[in-house]
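**Q** Contents are compact mmCIF, C-alpha atoms; file name coords36.txt:
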```txt
# COMPACT_ATOMS: atom_id res chain seq x y z
CA GLN A 1 11.64 29.67 -11.06
CA VAL A 2 10.28 26.84 -8.94
CA SER A 3 11.63 23.64 -7.40
CA VAL A 4 9.69 20.74 -5.92
CA ASP A 5 10.99 18.26 -3.34
CA ILE A 6 8.83 15.26 -2.37
CA GLN A 7 9.47 13.38 0.86
CA ASP A 8 7.16 11.21 2.97
CA GLY A 9 4.04 12.35 1.15
CA VAL A 10 4.87 16.06 1.42
CA ALA A 11 5.68 18.15 -1.67
CA THR A 12 7.73 21.20 -0.69
CA VAL A 13 7.46 23.85 -3.40
CA ASP A 14 10.07 26.61 -3.36
CA PHE A 15 9.31 29.68 -5.50
CA SER A 16 11.61 32.49 -6.53
CA LYS A 17 10.60 36.09 -5.78
CA GLU A 18 8.94 36.38 -9.21
CA PHE A 19 6.12 34.18 -7.88
CA ALA A 20 4.64 37.23 -6.16
CA ASP A 21 3.86 38.96 -9.48
CA TYR A 22 0.20 37.86 -9.60
CA ALA A 23 -3.03 39.81 -9.24
CA PRO A 24 -4.50 39.82 -5.69
CA GLU A 25 -7.86 38.52 -6.91
CA ASP A 26 -6.14 35.40 -8.29
CA GLU A 27 -4.44 34.45 -5.02
CA LEU A 28 -6.92 31.88 -3.74
CA LYS A 29 -7.22 30.23 -7.16
CA ILE A 30 -3.43 29.93 -7.36
CA LEU A 31 -3.26 28.39 -3.88
CA GLN A 32 -5.99 25.90 -4.74
CA ALA A 33 -4.51 25.04 -8.14
CA ILE A 34 -1.04 24.31 -6.72
CA THR A 35 -2.51 22.06 -4.03
CA TYR A 36 -4.85 20.13 -6.33
CA THR A 37 -2.26 19.74 -9.10
CA LEU A 38 0.37 18.22 -6.82
CA THR A 39 -1.92 16.03 -4.74
CA GLN A 40 -3.18 14.22 -7.82
CA PHE A 41 0.10 12.28 -7.68
CA ASP A 42 0.09 9.08 -5.61
CA THR A 43 3.25 10.13 -3.75
CA VAL A 44 1.82 13.48 -2.55
CA ASP A 45 -0.75 13.94 0.22
CA ARG A 46 0.28 17.38 1.49
CA VAL A 47 1.93 20.53 0.15
CA LYS A 48 4.28 23.05 1.79
CA LEU A 49 5.06 26.39 0.15
CA GLN A 50 8.30 28.35 0.39
CA LEU A 51 9.54 31.63 -1.07
CA ASN A 52 13.31 31.80 -1.60
CA GLY A 53 13.74 28.95 0.85
CA ASN A 54 11.62 30.53 3.59
CA PRO A 55 8.35 28.81 4.63
CA LEU A 56 5.21 30.77 3.72
CA THR A 57 2.70 31.29 6.53
CA GLU A 58 0.57 33.46 4.25
CA MET A 59 0.40 34.16 0.54
CA PRO A 60 2.70 37.03 -0.47
CA VAL A 61 0.28 39.38 -2.26
CA ASN A 62 -3.10 39.32 -0.52
CA GLY A 63 -2.14 37.64 2.74
CA THR A 64 -4.27 34.47 2.47
CA PRO A 65 -3.24 32.42 5.56
CA ILE A 66 -1.36 29.15 5.06
CA ASN A 67 -1.72 27.00 8.15
CA GLY A 68 1.19 24.61 7.79
CA GLU A 69 0.76 21.88 5.18
CA LEU A 70 -1.97 22.17 2.56
CA THR A 71 -4.34 19.33 1.65
CA ARG A 72 -7.38 19.04 -0.60
CA ASN A 73 -9.51 19.98 2.39
CA ILE A 74 -8.97 23.62 1.39
CA GLY A 75 -11.37 22.99 -1.52
CA ILE A 76 -11.16 24.43 -5.01
CA ASN A 77 -13.37 26.70 -7.12
CA ILE A 78 -15.51 27.11 -4.01
CA ASP A 79 -19.24 27.61 -4.66
CA THR A 80 -21.46 28.58 -1.71
CA SER A 81 -24.27 30.00 -3.84
CA SER A 82 -26.71 27.20 -3.03
CA VAL A 83 -26.81 27.84 0.72
CA ALA A 84 -27.63 31.08 2.52
CA ASP A 85 -26.32 29.79 5.87
CA ILE A 86 -23.25 27.54 5.79
CA THR A 87 -23.86 26.18 9.28
CA ASN A 88 -25.05 22.57 9.27
CA THR A 89 -23.61 22.03 5.78
CA GLU A 90 -21.11 19.59 4.32
CA SER A 91 -18.25 20.36 1.92
CA ILE A 92 -18.02 18.10 -1.15
CA THR A 93 -16.03 18.28 -4.37
CA VAL A 94 -17.62 17.36 -7.69
CA TYR A 95 -16.24 17.41 -11.22
CA TYR A 96 -18.19 19.32 -13.85
CA LEU A 97 -17.39 19.79 -17.52
CA ALA A 98 -16.00 22.83 -19.29
CA GLN A 99 -15.53 23.46 -23.00
CA ALA A 100 -12.52 24.94 -24.77
CA ASN A 101 -12.87 25.07 -28.55
CA ASP A 102 -13.64 21.46 -29.56
CA ASN A 103 -12.30 19.91 -26.36
CA SER A 104 -14.03 19.29 -23.04
CA TYR A 105 -12.23 18.96 -19.73
CA TYR A 106 -13.07 18.47 -16.07
CA VAL A 107 -13.15 21.17 -13.40
CA PRO A 108 -13.38 20.30 -9.68
CA VAL A 109 -15.79 22.49 -7.74
CA THR A 110 -16.10 22.48 -3.96
CA LYS A 111 -19.70 23.01 -2.92
CA ARG A 112 -21.34 23.42 0.45
CA VAL A 113 -24.58 21.47 0.63
CA LYS A 114 -27.14 21.10 3.39
CA ASN A 115 -26.43 18.28 5.78
CA GLU A 116 -29.67 16.32 5.74
CA ASN A 117 -28.09 13.19 7.23
CA LYS A 118 -27.54 11.90 3.72
CA ASN A 119 -24.82 9.49 2.72
CA PRO A 120 -21.99 11.70 1.31
CA ILE A 121 -21.91 9.47 -1.79
CA VAL A 122 -25.59 10.28 -2.39
CA MET A 123 -24.91 13.99 -1.90
CA ILE A 124 -22.17 13.90 -4.54
CA VAL A 125 -24.39 12.06 -7.03
CA ASP A 126 -27.22 14.52 -6.34
CA GLU A 127 -24.95 17.50 -7.04
CA LEU A 128 -23.66 15.93 -10.27
CA ILE A 129 -27.24 15.48 -11.46
CA LYS A 130 -28.24 18.97 -10.33
CA GLY A 131 -25.26 20.50 -12.12
CA PRO A 132 -23.43 23.79 -11.52
CA LYS A 133 -25.12 27.09 -10.82
CA LEU A 134 -27.00 28.60 -13.77
CA THR A 135 -24.54 31.48 -14.16
CA SER A 136 -21.59 29.11 -14.46
CA GLU A 137 -19.86 28.30 -17.75
CA LEU A 138 -19.52 24.72 -16.51
CA TYR A 139 -22.07 22.01 -17.32
CA THR A 140 -23.10 18.42 -16.60
CA LEU A 141 -24.29 15.70 -18.98
CA PHE A 142 -26.43 13.94 -16.38
CA MET A 143 -30.11 13.96 -17.27
CA PRO A 144 -32.24 15.59 -14.54
CA ASP A 145 -34.30 12.42 -14.08
CA VAL A 146 -31.30 10.22 -13.27
CA ALA A 147 -31.73 8.65 -9.84
CA LEU A 148 -30.25 5.98 -7.61
CA VAL A 149 -32.70 3.11 -7.07
CA GLU A 150 -31.02 1.94 -3.86
CA ASP A 151 -28.44 3.14 -1.37
CA PRO A 152 -24.79 2.94 -2.48
CA MET A 153 -22.75 0.02 -1.17
CA ILE A 154 -19.05 0.26 -0.31
CA GLU A 155 -16.82 -2.78 -0.06
CA ASP A 156 -13.02 -3.00 -0.24
CA GLY A 157 -12.71 0.52 -1.60
CA VAL A 158 -15.32 0.01 -4.34
CA VAL A 159 -18.59 1.94 -4.27
CA THR A 160 -21.45 0.33 -6.19
CA LEU A 161 -24.10 2.65 -7.62
CA ASN A 162 -27.41 1.26 -8.89
CA PHE A 163 -29.13 3.81 -11.16
CA ASN A 164 -32.38 3.91 -13.06
CA GLU A 165 -32.19 3.64 -16.87
CA ASN A 166 -31.90 7.41 -17.28
CA ILE A 167 -28.16 7.12 -16.63
CA TYR A 168 -27.85 5.73 -20.17
CA GLY A 169 -26.55 7.86 -22.99
CA SER A 170 -28.09 5.28 -25.32
CA TYR A 171 -30.94 2.98 -24.26
CA GLU A 172 -30.49 0.65 -27.24
CA GLN A 173 -26.83 -0.05 -26.50
CA LYS A 174 -27.09 0.27 -22.70
CA LEU A 175 -24.27 2.77 -23.06
CA VAL A 176 -22.94 5.03 -20.31
CA THR A 177 -21.17 8.04 -21.81
CA LYS A 178 -17.56 8.87 -21.11
CA GLN A 179 -18.39 12.22 -19.53
CA VAL A 180 -20.95 10.76 -17.12
CA LEU A 181 -18.74 7.87 -16.04
CA GLU A 182 -15.62 9.99 -15.64
CA SER A 183 -17.47 12.68 -13.66
CA LEU A 184 -18.70 10.00 -11.27
CA VAL A 185 -15.29 8.37 -10.87
CA LEU A 186 -13.40 11.64 -10.39
CA SER A 187 -15.91 13.01 -7.91
CA LEU A 188 -16.39 9.88 -5.82
CA THR A 189 -12.71 8.95 -5.57
CA GLU A 190 -12.13 12.34 -3.91
CA GLN A 191 -13.73 10.66 -0.88
CA GLU A 192 -11.34 8.94 1.50
CA GLY A 193 -11.47 5.18 1.14
CA ILE A 194 -13.09 5.18 -2.33
CA GLU A 195 -10.75 3.79 -4.98
CA ALA A 196 -13.14 2.65 -7.71
CA VAL A 197 -16.75 2.93 -8.89
CA SER A 198 -19.02 0.12 -10.08
CA ILE A 199 -22.14 1.02 -12.08
CA GLN A 200 -25.38 -0.92 -12.31
CA VAL A 201 -28.72 -0.09 -13.92
CA ASN A 202 -31.69 -1.57 -12.10
CA GLY A 203 -29.33 -4.20 -10.74
CA GLU A 204 -27.95 -5.18 -14.16
CA THR A 205 -24.25 -4.98 -15.00
CA ASP A 206 -24.34 -5.60 -18.78
CA LEU A 207 -23.38 -2.01 -19.61
CA VAL A 208 -20.91 -0.70 -22.16
CA ASN A 209 -18.78 2.41 -22.44
CA TRP A 210 -18.33 4.76 -25.42
CA ASP A 211 -15.96 2.26 -27.11
CA GLY A 212 -18.49 -0.55 -26.84
CA GLU A 213 -16.47 -2.23 -24.09
CA THR A 214 -18.22 -3.73 -21.08
CA ILE A 215 -17.89 -1.87 -17.81
CA ALA A 216 -18.85 -4.72 -15.52
CA GLU A 217 -15.57 -4.24 -13.64
CA PRO A 218 -15.08 -1.30 -11.22
CA VAL A 219 -13.55 1.81 -12.82
CA THR A 220 -10.59 3.40 -11.04
CA ARG A 221 -9.49 7.02 -11.01
CA PRO A 222 -7.01 8.07 -13.71
CA LYS A 223 -3.54 8.93 -12.42
CA HIS A 224 -3.75 12.35 -14.07
CA VAL A 225 -6.85 14.34 -14.96
CA ASN A 226 -7.42 16.04 -18.34
CA THR A 227 -4.53 14.36 -20.13
CA GLY A 228 -6.71 12.64 -22.73
CA SER A 229 -5.60 9.19 -21.55
CA PHE A 230 -8.74 8.35 -19.55
```
Let me see the structure of the file written as structure tokens.
**A**
Amino acid sequence: QVSVDIQDGVATVDFSKEFADYAPEDELKILQAITYTLTQFDTVDRVKLQLNGNPLTEMPVNGTPINGELTRNIGINIDTSSVADITNTESITVYYLAQANDNSYYVPVTKRVKNENKNPIVMIVDELIKGPKLTSELYTLFMPDVALVEDPMIEDGVVTLNFNENIYGSYEQKLVTKQVLESLVLSLTEQEGIEAVSIQVNGETDLVNWDGETIAEPVTRPKHVNTGSF
């Protein structure tokens, strides 16, 4: 059994003793999943965990420390495979695709990437284009020759990205596919202060989405991920 109380941006989750019946190797994934699931709601910024009404300072099975309130800074599905030395690196979260039967869905992955004094927006776009590690079951639909033709611009919470034509899923229709657009929006709105994404191609804004609708206006993050409504 579980109860959730939300006050002043903090979701306090109280589990019954049955919560501790999980495998030790799943502990970090459970901690990450709880935090990311609850903080996708506008009213929740932080998460506190309790067991039978008592605050948890560490997870009950494998002892993973819980330092007070949890935020998305803990990362999720952490991948450090691309760097041998994590010093002088940045932590970013990007959304890749996964497949289940005939349905695709988005999986956030926290990656550590070399800090080369790049704009964090550029680092996120680079990692989306690069895709997940080769051994992963996740994938990206960005073509490898997609590139930004100028530095991103941020104004009033909107980041504007100007790509080359390889961002198109269809050159004839100037179409940007659902999976490419959604991966960008989900990944970039993880950044503080980014609320929407505006897409250009070589400075042009006459683009359409998968329904043939124009996407000249900035695209905001869906309230809930993987519900089929975005």
**Q** Given the point (-4.6, 7.5, -9.3) in the coordinates of this file, which residues lie within 12 Å, counting only C-alpha atoms, and how would they look as a PyMOL selection string?
**A** chain A and resi 39-44+185-186+189-190+194-196+219-225+230
**Q** Please produce an output containing C-alpha atoms for each residue in the selection, written as a PDB file, in the coordinates of the input.
**A**
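The new file again_1.pdb reads:
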```pdb
ATOM      1  CA  THR A  39      -1.920  16.030  -4.740  1.00  0.00           C
ATOM      2  CA  GLN A  40      -3.180  14.220  -7.820  1.00  0.00           C
ATOM      3  CA  PHE A  41       0.100  12.280  -7.680  1.00  0.00           C
ATOM      4  CA  ASP A  42       0.090   9.080  -5.610  1.00  0.00           C
ATOM      5  CA  THR A  43       3.250  10.130  -3.750  1.00  0.00           C
ATOM      6  CA  VAL A  44       1.820  13.480  -2.550  1.00  0.00           C
ATOM      7  CA  VAL A 185     -15.290   8.370 -10.870  1.00  0.00           C
ATOM      8  CA  LEU A 186     -13.400  11.640 -10.390  1.00  0.00           C
ATOM      9  CA  THR A 189     -12.710   8.950  -5.570  1.00  0.00           C
ATOM     10  CA  GLU A 190     -12.130  12.340  -3.910  1.00  0.00           C
ATOM     11  CA  ILE A 194     -13.090   5.180  -2.330  1.00  0.00           C
ATOM     12  CA  GLU A 195     -10.750   3.790  -4.980  1.00  0.00           C
ATOM     13  CA  ALA A 196     -13.140   2.650  -7.710  1.00  0.00           C
ATOM     14  CA  VAL A 219     -13.550   1.810 -12.820  1.00  0.00           C
ATOM     15  CA  THR A 220     -10.590   3.400 -11.040  1.00  0.00           C
ATOM     16  CA  ARG A 221      -9.490   7.020 -11.010  1.00  0.00           C
ATOM     17  CA  PRO A 222      -7.010   8.070 -13.710  1.00  0.00           C
ATOM     18  CA  LYS A 223      -3.540   8.930 -12.420  1.00  0.00           C
ATOM     19  CA  HIS A 224      -3.750  12.350 -14.070  1.00  0.00           C
ATOM     20  CA  VAL A 225      -6.850  14.340 -14.960  1.00  0.00           C
ATOM     21  CA  PHE A 230      -8.740   8.350 -19.550  1.00  0.00           C
TER      22      PHE A 230
END
```
**Q** What's the separation between atom CA of A:Glu165 and atom CA of A:Val197, in Å to one decimal place?
**A**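 Result for atom CA of A:Glu165 versus atom CA of A:Val197: 17.4 Å, one decimal.
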**Q** Please measure the separation of atom CA of A:Ile78 and atom CA of A:Val61, giving the value in Å to one decimal.
**A**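 The value is 20.1 Å.
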**Q** Applying 9 Å and all atoms listed in the file, which residues near A:Val47 remain after dropping the ones on its own chain fewer than 2 positions away? List them as a PyMOL selection string.
**A** chain A and resi 9-13+34-35+38-39+44-45+49+68-71
**Q** Using C-alpha atoms, can you export the residues from the last selection as a compact mmCIF listing (two decimals), keeping the file's coordinate frame?
**A**
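New file result_32.txt:
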```
# COMPACT_ATOMS: atom_id res chain seq x y z
CA GLY A 9 4.04 12.35 1.15
CA VAL A 10 4.87 16.06 1.42
CA ALA A 11 5.68 18.15 -1.67
CA THR A 12 7.73 21.20 -0.69
CA VAL A 13 7.46 23.85 -3.40
CA ILE A 34 -1.04 24.31 -6.72
CA THR A 35 -2.51 22.06 -4.03
CA LEU A 38 0.37 18.22 -6.82
CA THR A 39 -1.92 16.03 -4.74
CA VAL A 44 1.82 13.48 -2.55
CA ASP A 45 -0.75 13.94 0.22
CA LEU A 49 5.06 26.39 0.15
CA GLY A 68 1.19 24.61 7.79
CA GLU A 69 0.76 21.88 5.18
CA LEU A 70 -1.97 22.17 2.56
CA THR A 71 -4.34 19.33 1.65
```
**Q** Using all atoms listed in the file, determine which residues lie at most 6 Å from stretch 104-119 of chain A, disregarding the query and same-chain residues fewer than 5 positions distant; provide the list as a list in words.
**A**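 Counting all atoms listed in the file, the residues come to Gly75, Ile76, Asn77, Ile78, Asp79, Thr80, Asn88, Thr89, Glu90, Ser91, Ile92, Thr93, Val94, Tyr95, Tyr96, Leu97, Ala98, Gln99 and Asn226 of chain A.
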